[in-house]
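Novice: I'd like to ask some things about the structure below.
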Amino acid sequence: MILPLLLALGYAFLYLPIVLLVIYSFNASRLVTVWGGLSTKWYGVLVQDAKILDAAWLSLKVAIITASAATVLGTLAAVVLVRFRRFPGRTLFSGMIAAPLVMPEIITGLAMLLLFIAMEQAIGWPAGRSMTTIVIAHITFCLSFVTVVVQSRLVQMDISLEEAALDLGARPAKVFFVITLPLIAPALAAGWLLAFTLSIDDVVISAFVTGPGATTLPIVIFSKVRLGVSPEINALATVVIVVVSLAIVAAGRFLRPRRQD
Amino acid sequence: MAEPIISIDAVSKSFGSFTAVSGLTLAIHRGEFFSLLGASGCGKTTLLRMLAGLEQPSDGRILIDGTDMTGVPPYLRPVNMMFQSYALFPHMTVEQNVAFGLKQENWPKARIRDKVAEMLDLVQMAPFARRRPAQLSGGQRQRVALARSLAKEPKVLLLDEPLAALDKKLREQTRLELVKIQHRVGITFVMVTHDQEEAMTMSSRIAVMKAGAIEQVGTPVDVYEYPTSIFVADFIGTANMFEGVVSRHQPSQVAVACPELERELAVANAPPLPVGAPVKVMVRPEKLVLSRGEPQAQFNWVRGKVADTAYLGGLSTYHIELASGRNLQATQANLKHVDGGGPSPGDELFVAWHPANAVILVQ
């Protein structure tokens, strides 16, 4: 009797705020904390709010580009770390790859901003703060997560599979694309989704490196909330929760160990 | 003699400060079923991987069919390897696995299909062509791995512990099958194994390895009956050893004085050794003759007491304790029904053997 109760308490602790938020997104009242009956009108307001839609579209673009680039770079880093066991500077490299995982975001964001300003003065690129700078900053911290996910998959993979392919006449590049890549594909998919979710909800780093005309969705939400929470934000948050949950569930599916041997 | 298909010429391989193979020279002939036999860590797998090109020698060179393989990557070598884990590609079907090597050579599709069918027939796996490795048993995977590595008709097939992953019964059946397949395809097989029985039953020649070097190369009969070192005598089968010194030379044999025995030991076909040289004399358990009456011979017998017997069906093994405390192991074929007439623990008896059945080993 006590165990189900504890379980319920645990779930309530984790998910009650989210459930409340979702419920209030269907609130007819203009005041967020006062229930005024069931309504979907805030979703209607949401889809007509150009500012929010633009920001959402920008965030989606940033997240897709970030996830794709971070997956390519993170996979390369993982392959180097797992397959090339000895090279000069390996320890430094592995430390540098892991650093963004533990680095406070505010420092990453500040460092990025300083770098972009210095680069603009030195070589004139990137010109100002824009989507480009947001994407670069997001790739920087997302690729570490991809590397960690792909690395653990590569370590589990039987190296004699690659050796057998070499032995049967496939050149190293072909072995990578025909044998290694298909076998670690689930980790790539999981890494991509992870990078996607990290990018799409990032506020801190984006806030540093963004500029006029490049406002991502989390930044719009954040600035709106400062002026008082509107039920429209609840509706928006509900949409985001649904999208992110789907991505997380998909990532979990890809990462689940499959019977292979 | 024809040119060997593989010549290994003073090859060494070190990993950091560890030397896996040191200055090893060996020739393997066309059509042989050659085994590299040794305990784990003796360098046999490293040697095989150097033949495949998966490791590069630190020193020396390897010639395959007369061509120097130094710096030649695995994908350009005329050899194929069957891995201990089989290394079947889990995301491909049996068919695709077998076709993989042929595709790398850009064979036309129809020819690949015919060859794959031929290989799957050879290993009796045709009904499983569309399955994935995860849906096969261990024995079936082993067959697919064999078919895949033979499909390109390599000049040499390298087998890394091909039977180690199978259970005992299947392992014994598969031994004969592998030999049969080797005869049919006529390809030189080089096998790595730690199982001496496997090496004995399958190989035409065996190289016994120890600490990165070869102790002895020879036919199974050679290494069993005429080991040239104490290590080989001990490693292959069971060996009864006596320590002594050469006491005198006789027309067809050498006599060895052994302090712990009443009689001198005589060894036929012994190498020329000076009188006084310390040696070991080795006799295999099945060469020992047990008798209740005292033998008349001048040499090669000793009094003992049965300490223990083990009935193994076709054979019985007797542990016989000598006065010196040494234990001998004797094996006798159970030609008649055992009806209590055989030696039993506590019996006093005599152990004798023929000079031709003893081998002298220099310490």
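Ligands are numbered from 1 in the order shown, residues from 1 within each chain, and chains are lettered A, B, ... in the order they appear in the structure tokens.
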For a quick test of understanding: name the residues of chain B lying within 9 Å of chain A when counting only C-alpha atoms, and present them as JSON, numbers by chain.
Specialist: {"B": [52, 53, 54, 73, 74, 75, 76, 77, 79, 80, 81, 82, 83, 84, 85, 86, 87, 88, 89, 90, 91, 100, 101, 102, 103, 104, 105, 133, 134, 135, 148, 149, 152]}
Novice: Find the spatial neighbours of Ala56 in chain A, counting only C-alpha atoms, within a cut-off of 12 Å - ignore same-chain residues fewer than 2 positions away - and output them as a list in words.
Specialist: Leu46, Val47, Asp49, Ala50, Lys51, Ile52, Leu53, Asp54, Leu58, Ser59, Leu60, Lys61, Val62, Ala63, Ile200, Asp201, Ala214, Thr215, Thr216, Leu217, Pro218, Ile219, Val220, Ile221, Leu236, Ala237, Val239, Val240 and Val243 of chain A
Novice: Which residues of range 145-253 of chain A come within 12 Å of range 114-126 of chain A, and what is each one's closest atom pair and distance in Å (one decimal), counting only C-alpha atoms, sorted by chain and residue number, as a Markdown table?
Specialist:
```
| residue | atom | partner | partner_atom | distance |
| --- | --- | --- | --- | --- |
| A:Phe208 | CA | A:Leu114 | CA | 9.4 |
| A:Val209 | CA | A:Phe116 | CA | 8.1 |
| A:Thr210 | CA | A:Phe116 | CA | 10.8 |
| A:Gly211 | CA | A:Phe116 | CA | 11.7 |
```
Novice: Expressed in Å to a single decimal, how great is the separation between CA of Ser58 in chain B and CA of Ile6 in chain B?
Specialist: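 Those two atoms sit 18.1 Å apart.
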Novice: List every residue of range 86-291 of chain B that DSSP, applied to the backbone, labels as helix (DSSP H, G or I), and write the result as an NGL selection string.
Specialist: :B and (94-104 or 109-122 or 126-128 or 133-135 or 138-150 or 168-185 or 196-202 or 220-225 or 230-235 or 285-287)
Novice: Do you have the CA of Val22 in chain A-CA of Gly37 in chain A distance handy?
Specialist: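 The value is 13.9 Å.
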Novice: For CA of Lys44 in chain B and CA of Val80 in chain A, determine how far apart the two atoms are, in Å to one decimal place.
Specialist: 28.9 Å
Novice: Between B:Lys287, B:Arg205, B:Arg175, B:Arg326, single out the one closest to Asn300 in chain B, counting only C-alpha atoms.
Specialist: B:Lys287
Novice: Pick out the residues sitting within 6 Å of Leu63 in chain B, and hand them over as JSON, numbers by chain; count only C-alpha atoms, and ignore anything fewer than 4 positions along from it in its own chain.
Specialist: {"B": [6, 7, 67, 68, 69]}
Novice: Take the residues just selected and output them with N, CA and C atoms as a PDB file, in the first residue's frame.
Specialist:
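Final output, saved to part-v2.pdb:
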```
ATOM      1  N   ILE B   6      53.765 -20.022 -48.324  1.00  0.00           N
ATOM      2  CA  ILE B   6      54.062 -18.962 -47.342  1.00  0.00           C
ATOM      3  C   ILE B   6      55.482 -19.154 -46.834  1.00  0.00           C
ATOM      4  N   SER B   7      56.300 -18.112 -46.927  1.00  0.00           N
ATOM      5  CA  SER B   7      57.589 -18.152 -46.224  1.00  0.00           C
ATOM      6  C   SER B   7      57.606 -17.026 -45.220  1.00  0.00           C
ATOM      7  N   THR B  67      55.488 -13.469 -53.237  1.00  0.00           N
ATOM      8  CA  THR B  67      55.420 -12.004 -53.228  1.00  0.00           C
ATOM      9  C   THR B  67      55.628 -11.480 -51.817  1.00  0.00           C
ATOM     10  N   ASP B  68      56.508 -10.491 -51.693  1.00  0.00           N
ATOM     11  CA  ASP B  68      56.761  -9.879 -50.396  1.00  0.00           C
ATOM     12  C   ASP B  68      55.522  -9.112 -49.962  1.00  0.00           C
ATOM     13  N   MET B  69      55.037  -9.420 -48.753  1.00  0.00           N
ATOM     14  CA  MET B  69      53.792  -8.821 -48.274  1.00  0.00           C
ATOM     15  C   MET B  69      54.030  -7.609 -47.378  1.00  0.00           C
TER      16      MET B  69
END
```
Novice: Between B:Leu328, B:Ser17, B:Gly38, B:Asn106, which one has atoms that come closest to Phe235 in chain B, using only C-alpha atoms?
Specialist: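 For Phe235 in chain B, the nearest of the given residues is B:Gly38.
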Novice: At a cut-off of 7 Å, using only C-alpha atoms, what residues contact range 160-166 of chain B? Leave out same-chain residues fewer than 4 positions from it and give the result as a ChimeraX atom specification.
Specialist: /B:45,82-84,138-139,170-171,191-193
Novice: Keeping N, CA, C and O atoms for every residue in the selection just given, could you write it to a file as a compact mmCIF listing (two decimals), in the first residue's frame?
Specialist:
```txt
# COMPACT_ATOMS: atom_id res chain seq x y z
N THR B 45 48.39 -16.34 -32.54
CA THR B 45 47.37 -15.49 -33.18
C THR B 45 48.01 -14.26 -33.81
O THR B 45 47.62 -13.84 -34.89
N MET B 82 39.23 -16.68 -41.25
CA MET B 82 38.00 -17.00 -40.54
C MET B 82 38.26 -16.65 -39.08
O MET B 82 39.16 -17.20 -38.46
N PHE B 83 37.46 -15.72 -38.55
CA PHE B 83 37.73 -15.18 -37.23
C PHE B 83 37.15 -16.08 -36.14
O PHE B 83 36.17 -16.79 -36.36
N GLN B 84 37.78 -15.99 -34.98
CA GLN B 84 37.32 -16.83 -33.86
C GLN B 84 35.87 -16.51 -33.49
O GLN B 84 35.08 -17.39 -33.20
N GLY B 138 25.26 -21.69 -33.28
CA GLY B 138 26.72 -21.53 -33.33
C GLY B 138 27.36 -22.30 -34.47
O GLY B 138 28.21 -21.79 -35.19
N GLY B 139 26.93 -23.54 -34.65
CA GLY B 139 27.49 -24.37 -35.70
C GLY B 139 27.17 -23.82 -37.08
O GLY B 139 28.02 -23.85 -37.99
N LEU B 170 29.88 -31.22 -31.27
CA LEU B 170 29.87 -30.58 -32.57
C LEU B 170 31.30 -30.33 -33.04
O LEU B 170 31.63 -30.46 -34.21
N ARG B 171 32.16 -30.00 -32.08
CA ARG B 171 33.56 -29.71 -32.39
C ARG B 171 34.21 -30.93 -33.03
O ARG B 171 34.92 -30.83 -34.01
N MET B 191 45.84 -22.99 -39.51
CA MET B 191 44.92 -22.90 -38.37
C MET B 191 45.68 -22.60 -37.09
O MET B 191 46.73 -23.18 -36.84
N VAL B 192 45.11 -21.71 -36.29
CA VAL B 192 45.64 -21.46 -34.95
C VAL B 192 44.77 -22.21 -33.96
O VAL B 192 43.54 -22.15 -34.04
N THR B 193 45.39 -22.96 -33.06
CA THR B 193 44.61 -23.65 -32.04
C THR B 193 45.43 -23.84 -30.77
O THR B 193 46.66 -23.86 -30.81
```
Novice: Counting only C-alpha atoms, which of A:Pro231, A:Pro4, A:Gly213, A:Pro17 gets nearest to Ser130 in chain A?
Specialist: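 Of all the options, A:Gly213 lies closest to Ser130 in chain A.
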Novice: Go through range 242-282 of chain B and collect every residue that DSSP, computed from the backbone, puts in strand (DSSP E); the answer should be as a PyMOL selection string.
Specialist: chain B and resi 242-249+253-257+265-268+278-282
Novice: Deliver the residues from the most recent selection as a file, using C-alpha atoms, as a PDB file, in the first residue's frame.
Specialist:
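Contents of result13.pdb, freshly written:
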```pdb
ATOM      1  CA  PHE B 242      63.091 -39.952 -16.200  1.00  0.00           C
ATOM      2  CA  GLU B 243      66.173 -37.878 -15.477  1.00  0.00           C
ATOM      3  CA  GLY B 244      69.610 -39.379 -15.979  1.00  0.00           C
ATOM      4  CA  VAL B 245      72.971 -39.185 -17.684  1.00  0.00           C
ATOM      5  CA  VAL B 246      74.250 -40.962 -20.801  1.00  0.00           C
ATOM      6  CA  SER B 247      76.291 -43.916 -19.485  1.00  0.00           C
ATOM      7  CA  ARG B 248      77.456 -45.744 -22.607  1.00  0.00           C
ATOM      8  CA  HIS B 249      76.902 -46.249 -26.308  1.00  0.00           C
ATOM      9  CA  GLN B 253      71.096 -47.754 -28.738  1.00  0.00           C
ATOM     10  CA  VAL B 254      72.258 -45.430 -26.002  1.00  0.00           C
ATOM     11  CA  ALA B 255      72.167 -46.416 -22.350  1.00  0.00           C
ATOM     12  CA  VAL B 256      71.153 -43.884 -19.744  1.00  0.00           C
ATOM     13  CA  ALA B 257      71.861 -44.307 -16.057  1.00  0.00           C
ATOM     14  CA  LEU B 265      67.398 -47.142 -19.595  1.00  0.00           C
ATOM     15  CA  ALA B 266      68.024 -47.928 -23.254  1.00  0.00           C
ATOM     16  CA  VAL B 267      66.925 -45.637 -26.050  1.00  0.00           C
ATOM     17  CA  ALA B 268      67.091 -46.609 -29.713  1.00  0.00           C
ATOM     18  CA  PRO B 278      72.457 -35.007 -18.593  1.00  0.00           C
ATOM     19  CA  VAL B 279      69.295 -36.030 -20.416  1.00  0.00           C
ATOM     20  CA  LYS B 280      65.642 -36.849 -19.908  1.00  0.00           C
ATOM     21  CA  VAL B 281      64.083 -40.034 -21.222  1.00  0.00           C
ATOM     22  CA  MET B 282      60.441 -39.805 -22.250  1.00  0.00           C
TER      23      MET B 282
END
```
